[in-house]
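First the structure, in the form of structure tokens, and then the observations on it.
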2 protein chains.
Amino acid sequence: MRLSEFFLPTLKETPSEAQIASHRYMLRAGMIRQSSAGIYSWLPLGFRVLKKIEQIVREEQDAAGAQEVLMPTIQPADLWRESGRYDDYGKEMLRITDRHDRDMLYGPTNEEQITEIFRASARSYRDVPRMLYHIQWKFRDEVRPRFGIMRGREFLMKDAYSFDLDYESSKRAYNKMFVAYLKTFERLGVKAIPLRADTGPIGGDLSHEFVVLADTGESEVFCHKDLLDMPTPGEIDYSDDLQPIVDQWTSVYAAADDKHVPSECPVPEADLVTRRGIEVGHIFHFGDKYSRPMGAKVAGPDGQEVTLQMGSYGIGVSRLVGGIIEASHDDDGIIWPKSVAPFNAGIINLKPGDPDCDAACEALEAQLSGAGLDVLIDDTDERAGAKFAKMDLIGLPWQAVIGPRGVKNGIIEVKRRRTGEKEELSTEAAVNKIVGFE
Amino acid sequence: MRLSEFFLPTLKETPSEAQIASHRYMLRAGMIRQSSAGIYSWLPLGFRVLKKIEQIVREEQDAAGAQEVLMPTIQPADLWRESGRYDDYGKEMLRITDRHDRDMLYGPTNEEQITEIFRASARSYRDVPRMLYHIQWKFRDEVRPRFGIMRGREFLMKDAYSFDLDYESSKRAYNKMFVAYLKTFERLGVKAIPLRADTGPIGGDLSHEFVVLADTGESEVFCHKDLLDMPTPGEIDYSDDLQPIVDQWTSVYAAADDKHVPSECPVPEADLVTRRGIEVGHIFHFGDKYSRPMGAKVAGPDGQEVTLQMGSYGIGVSRLVGGIIEASHDDDGIIWPKSVAPFNAGIINLKPGDPDCDAACEALEAQLSGAGLDVLIDDTDERAGAKFAKMDLIGLPWQAVIGPRGVKNGIIEVKRRRTGEKEELSTEAAVNKIVGFE
């Protein structure tokens with residue numbers, strides 16, 4: 001992609017309304033544009049990151065055995081009257097009346113809807129266990145939306161739901177999602193830890209939230225230092241017993257500030273670390289909270305009707321874009337982890353129009369593209385300093401600078417964004433460096 | 001994927017509310033489930049088709065040089081007051097009041113929103129031409145939603161928008177989309193023809209709709225028989241002049257029934273064909289209809305301000321699922337074109353639990369998967385007739401039947417869904433047949 005043709009409306013100044021790094025950088029890097037309070041359009045650079053995160057979340061859900069569906073954004077109010085949550089939910093629910101005066105709503109979550117779908121088709125114990133998920137826009141009419149897409153009103157969420165015959169099987173579904181979350185966040189290039197959590201308006205008896213550790217996080221997290229070094233499980237066979245992995249991750253002390261009572265903390269002071277965190281996932285086991293009032297049951301092996309055990313499992317896909325930036329940036333801009341970077345590398349052409357520079361840029365791009373990488377070439381006629389600043393701001397993992405002097409000597413300056421480390425390399429060595437990067 | 005684990009709630013009986021083939025088969029094949037009038041959930045089988053169509057549409061938009069963004073579903077009413085369409089739109093617009101009593105709406109289309117985004121960043125003639133698109137859910141509060149997802153209220157649409165300095169350049173954008181549409185529909189495996197169209201509430205001076213030809217289509221289409229055999233252009237360089245291709249396709253007579261006046265038709269009766277069609281795309285050139293009232297302008301090369309020329313280009317992504325079924329089905333069920341089939345092949349295990357049959361199924365699946373195909377194995381204990389009927393209903397391009405007698409003789413029965421043609425083949429020949437199929 002050529003920057004001269006790419007829709008990338010970067011801003012030189014920091015917008016005054018942006019209070020946190022991710023909001024500032026997403027606006028400045030032309031990733032998003034506000035449509036109204038807490039509602040944003042995703043411009044090409046932001047959209048690319050959003051899609052990469054979505055795809056990693058999808059692949060790990062699929063690996064765990066969940067099947068993708070897509071429920072609509074607009075739901076009938078009657079569904080929520082069945083569970084009793086229509087009146088409970090308050091003003092955060094966007095309530096809508098259609099042209100025939102029917103009560104509708106923009107779904108803030110989908111427990112009722114998926115329970116309706118499942119009860120309509122599942123008949124016997126052979127129809128469970130099942131895990132279904134979708135990645136769909138949700139709406140919560142926050143009274144004071146802020147922090148950009150981190151606390152917006154319209155947001156993209158992955159929500160999965162499990163249906164099981166009994167508690168033991170349901171716990172296995174919970175464990176699958178627990179492990180899938182560890183793997184998802186690792187692939188996204190962030191350190192996320194599980195915390196025992198309250199179940200809140202979703203309900204249930206067991207719940208963990210996953211928080212990304214970032215100095216600028218919204219809340220304080222206390223944990224045993226061992227948790228920070230705990231290795232994410234490698235190759236997983238999801239038909240195995242995953243309880244040992246879950247036990248390993250939950251046996252170590254970890255608590256958000258609302259749960260942490262210093263006088264009762266079992267961790268010696270020397271081993272206790274305090275960090276800040278951003279909630280990006282939340283998993284719930286809630287048994288029959290929805291299946292009982294909504295009548296989601298199947299015939300068991302003995303012919304007796306059994307009310308299904310359920311859980312729900314959310315990941316804030318759009319929120320993660322901000323969470324990753326909070327965890328990975330410096331004073332010059334964003335530093336994307338490789339797996340979610342909108343382009344793998346940026347090429348800065350210091351003298352566009354110079355046939356040798358143009359040819360060198362195209363040759364490098366062709367080799368990187370040939371290796372499956374996405375490349376952005378800055379071929380604009382801005383001055384060099386502005387080009388360097390913009391490339392730092394948008395945070396691609398690698399920058400390659402091509403100018404007349406280097407071209408004459410067969411040299412490309414390659415900079416790694418995360419470390420700032422620069423090397424002068426031949427084209428071949430530059431390609432190997434960038435392609436070989438893990 | 002094993003059918004015993006796949007969430008595929010097929011129906012044996014035809015739902016009485018379904019009046020057309022696509023609606024009937026989508027419900028019976030467990031592709032969708034109605035949530036409320038004109039609003040559907042996409043279950044795993046339907047979701048797979050929807051995603052395949054979306055991806056083909058995306059690839060052809062990208063190839064034409066359009067850049068993907070994502071605008072929110074909920075828009076502020078004030079945007080539509082700027083263009084004057086807020087009051088015009090009538091009851092089909094789903095109007096919403098948020099908790100702070102602000103007027104919002106669920107977008108039925110995005111001309112205003114994209115114009116706002118573009119005017120905020122484009123400054124000079126160097127910032128054009130640009131084409132931006134998104135694939136997002138829309139809402140039109142139809143007074144009488146019907147025909148399933150073909151005329152639903154919440155529907156998935158690809159809408160692209162072009163921004164240009166003058167009419168000539170804008171016409172080039174229009175031509176790019178015209179050609180991209182020909183290529184898109186060909187890849188989707190349907191015959192679609194462009195018809196000169198009215199511009200309706202979108203406005204403008206030039207418009208074509210694209211209709212998929214299907215015996216069960218919603219409206220009558222009259223055209224010269226040459227149009228049906230016109231070859232879709234091959235490899236396209238979108239920087240070329242595409243006017244000759246557009247001229248070729250638009251010089252031949254084609255009209256919908258509301259435009260066709262028999263006494264004025266220039267085509268000799270022997271050359272005129274009458275078919276039925278389903279609208280699946282619509283492209284518009286509307287000049288400054290939105291850019292003028294909304295002030296979307298840039299400085300031209302001479303420093304003078306120029307109001308941008310615009311067009312918009314829609315494809316009904318969710319509607320296409322129904323359109324393809326209308327164009328491709330028989331009395332037994334759906335017949336998916338290869339490019340959008342939810343799985344490439346189905347394997348019917350006639351005796352699950354029999355070690356030889358199970359092993360033969362797994363061996364075939366492994367070879368097909370290894371070649372990059374998606375496979376569904378019917379490993380349930382239903383009777384053979386029900387399995388054959390279900391496999392015909394869901395319409396996978398190939399069926400492979402594996403039973404004890406065949407296994408003993410090293411034989412698999414392979415059936416091509418479209419023709420019904422059956423062959424007894426060795427595993428190797430079956431794999432070659434299915435993988436090699438174009």
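Within each chain, counting starts at residue 1; across the structure tokens, chains are named A, B, ... in the order shown, with ligands numbered 1 upward in that order.
All residues of protein, DNA or RNA that reach within 10 Å of Tyr253 of chain B, judged by only C-alpha atoms and not counting those fewer than 6 positions away in the chain, are Leu195, Arg196, Phe222, Cys223, His224, Lys225, Asp226, Leu227, His260, Cys265, Pro266, Val267 and Leu272 of chain B.
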key: Residue hits in chain B, query chain A, radius 9 Å, only C-alpha atoms, as a PyMOL selection string   = chain B and resi 4-10+33+35-36+39-48+67-76+91-100+113+116-117+120-122+126-130+132+137+141-143+154-155
Need the shell around segment 81-87 of chain A: protein/DNA/RNA residues with any atom at most 9 Å away, counting only C-alpha atoms. Skip same-chain ones fewer than 5 positions apart. Format as a CSV table (one decimal) with C-alpha atoms, in the first residue's frame?
```
chain,number,residue,atom,x,y,z
A,93,MET,CA,-30.0,-0.8,27.7
A,112,GLU,CA,-31.5,-14.8,26.4
A,201,PRO,CA,-25.7,-8.7,36.4
A,289,LYS,CA,-30.0,-18.9,35.7
A,290,TYR,CA,-31.4,-18.5,32.1
A,291,SER,CA,-32.2,-22.1,31.2
A,292,ARG,CA,-34.6,-22.6,34.1
A,293,PRO,CA,-36.9,-19.5,33.5
A,294,MET,CA,-36.7,-19.9,29.8
```
ask   = Using only C-alpha atoms, which residues sit within 12 Å of Asn409 of chain A once same-chain residues fewer than 2 positions away are excluded, as an NGL selection string?
value = :A and (356-357 or 360 or 402-407 or 411-413 or 424-427)
task = Do a neighbour search on Asp258 of chain B at 12 Å with only C-alpha atoms, toss out local chain neighbours closer than 2 positions, and write the hits as a list of chain:residue names.
result =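 Once the nearby chain positions are removed, what remains is B:Leu195, B:Arg196, B:Ala197, B:Asp198, B:Ser219, B:Glu220, B:Val221, B:Phe222, B:Ala254, B:Ala255, B:Ala256, B:His260, B:Val261, B:Pro262.
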inquiry  = So that I can check the surroundings of Asp164 of chain A, please list as a list in words every protein, DNA and RNA residue that reaches within 10 Å of it, counting only C-alpha atoms and ignoring chain neighbours fewer than 6 positions away.
reply    =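 Counting only the stated atoms, we get Tyr125, Asp127, Val128, Pro129, Arg130, Met131, Ser170, Lys171, Arg172, Ala173, Gly287, Lys297, Val298, Val306, Thr307, Leu308, Gln309, Met310 and Gly311 of chain A.
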Keeping only N, CA and C atoms, write the selected residues to a file as a compact mmCIF listing (two decimals), in the first residue's frame.
```txt
# COMPACT_ATOMS: atom_id res chain seq x y z
N TYR A 125 -30.01 -35.54 25.33
CA TYR A 125 -28.64 -35.45 25.84
C TYR A 125 -27.61 -35.57 24.73
N ASP A 127 -27.66 -33.88 22.11
CA ASP A 127 -27.47 -32.55 21.51
C ASP A 127 -26.52 -31.67 22.33
N VAL A 128 -26.03 -32.19 23.43
CA VAL A 128 -25.04 -31.47 24.23
C VAL A 128 -23.85 -32.39 24.45
N PRO A 129 -22.68 -31.88 24.84
CA PRO A 129 -22.37 -30.46 25.04
C PRO A 129 -22.20 -29.70 23.72
N ARG A 130 -22.47 -28.41 23.77
CA ARG A 130 -22.23 -27.52 22.64
C ARG A 130 -21.70 -26.20 23.17
N MET A 131 -20.80 -25.60 22.38
CA MET A 131 -20.39 -24.22 22.64
C MET A 131 -20.61 -23.42 21.36
N SER A 170 -20.25 -28.91 32.43
CA SER A 170 -20.26 -27.45 32.28
C SER A 170 -18.94 -26.85 32.75
N LYS A 171 -18.38 -27.43 33.80
CA LYS A 171 -17.09 -26.97 34.30
C LYS A 171 -16.00 -27.24 33.26
N ARG A 172 -16.13 -28.35 32.53
CA ARG A 172 -15.15 -28.61 31.47
C ARG A 172 -15.22 -27.53 30.38
N ALA A 173 -16.44 -27.09 30.04
CA ALA A 173 -16.58 -26.01 29.06
C ALA A 173 -15.92 -24.73 29.59
N GLY A 287 -24.89 -21.84 35.62
CA GLY A 287 -25.83 -22.94 35.83
C GLY A 287 -27.14 -22.75 35.09
N LYS A 297 -34.30 -27.24 28.19
CA LYS A 297 -34.01 -28.55 28.78
C LYS A 297 -34.03 -29.63 27.71
N VAL A 298 -33.42 -30.75 28.03
CA VAL A 298 -33.38 -31.88 27.11
C VAL A 298 -33.71 -33.15 27.89
N VAL A 306 -33.93 -32.70 31.78
CA VAL A 306 -32.85 -32.06 32.53
C VAL A 306 -32.73 -30.61 32.07
N THR A 307 -32.73 -29.69 33.02
CA THR A 307 -32.50 -28.28 32.67
C THR A 307 -31.01 -28.09 32.42
N LEU A 308 -30.67 -27.42 31.32
CA LEU A 308 -29.27 -27.33 30.92
C LEU A 308 -28.46 -26.41 31.82
N GLN A 309 -27.19 -26.74 31.95
CA GLN A 309 -26.22 -25.90 32.66
C GLN A 309 -25.54 -25.01 31.63
N MET A 310 -25.38 -23.74 31.95
CA MET A 310 -24.83 -22.81 30.96
C MET A 310 -23.70 -21.95 31.54
N GLY A 311 -22.91 -21.42 30.62
CA GLY A 311 -21.91 -20.42 30.97
C GLY A 311 -21.82 -19.43 29.83
```
ask   = Can you list, as a PyMOL selection string, every protein, DNA or RNA residue that comes within 6 Å of Val317 of chain B when you count only C-alpha atoms, leaving out same-chain residues fewer than 3 positions away?
value = chain B and resi 156-157+320
query = Suppose you want the space between atom CA of Asp241 of chain A and atom CA of Ala63 of chain A; what is it in Å?
reply =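 Distance between the two atoms: 15.4 Å.
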request  = Return the single residue from B:Ala430, B:Ile53, B:Ala327, B:Val321 that is closest to Ala363 of chain B, with distances computed using only C-alpha atoms.
outcome  =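 Under the stated criterion, the closest residue is B:Ala430.
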ask   = Given the choices A:Trp80, A:Trp249, A:Phe163, A:Tyr174, which gets closest to Pro194 of chain A if the distance is worked out from only C-alpha atoms?
value =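 Looking only at the distances to Pro194 of chain A, the closest residue turns out to be A:Trp249.
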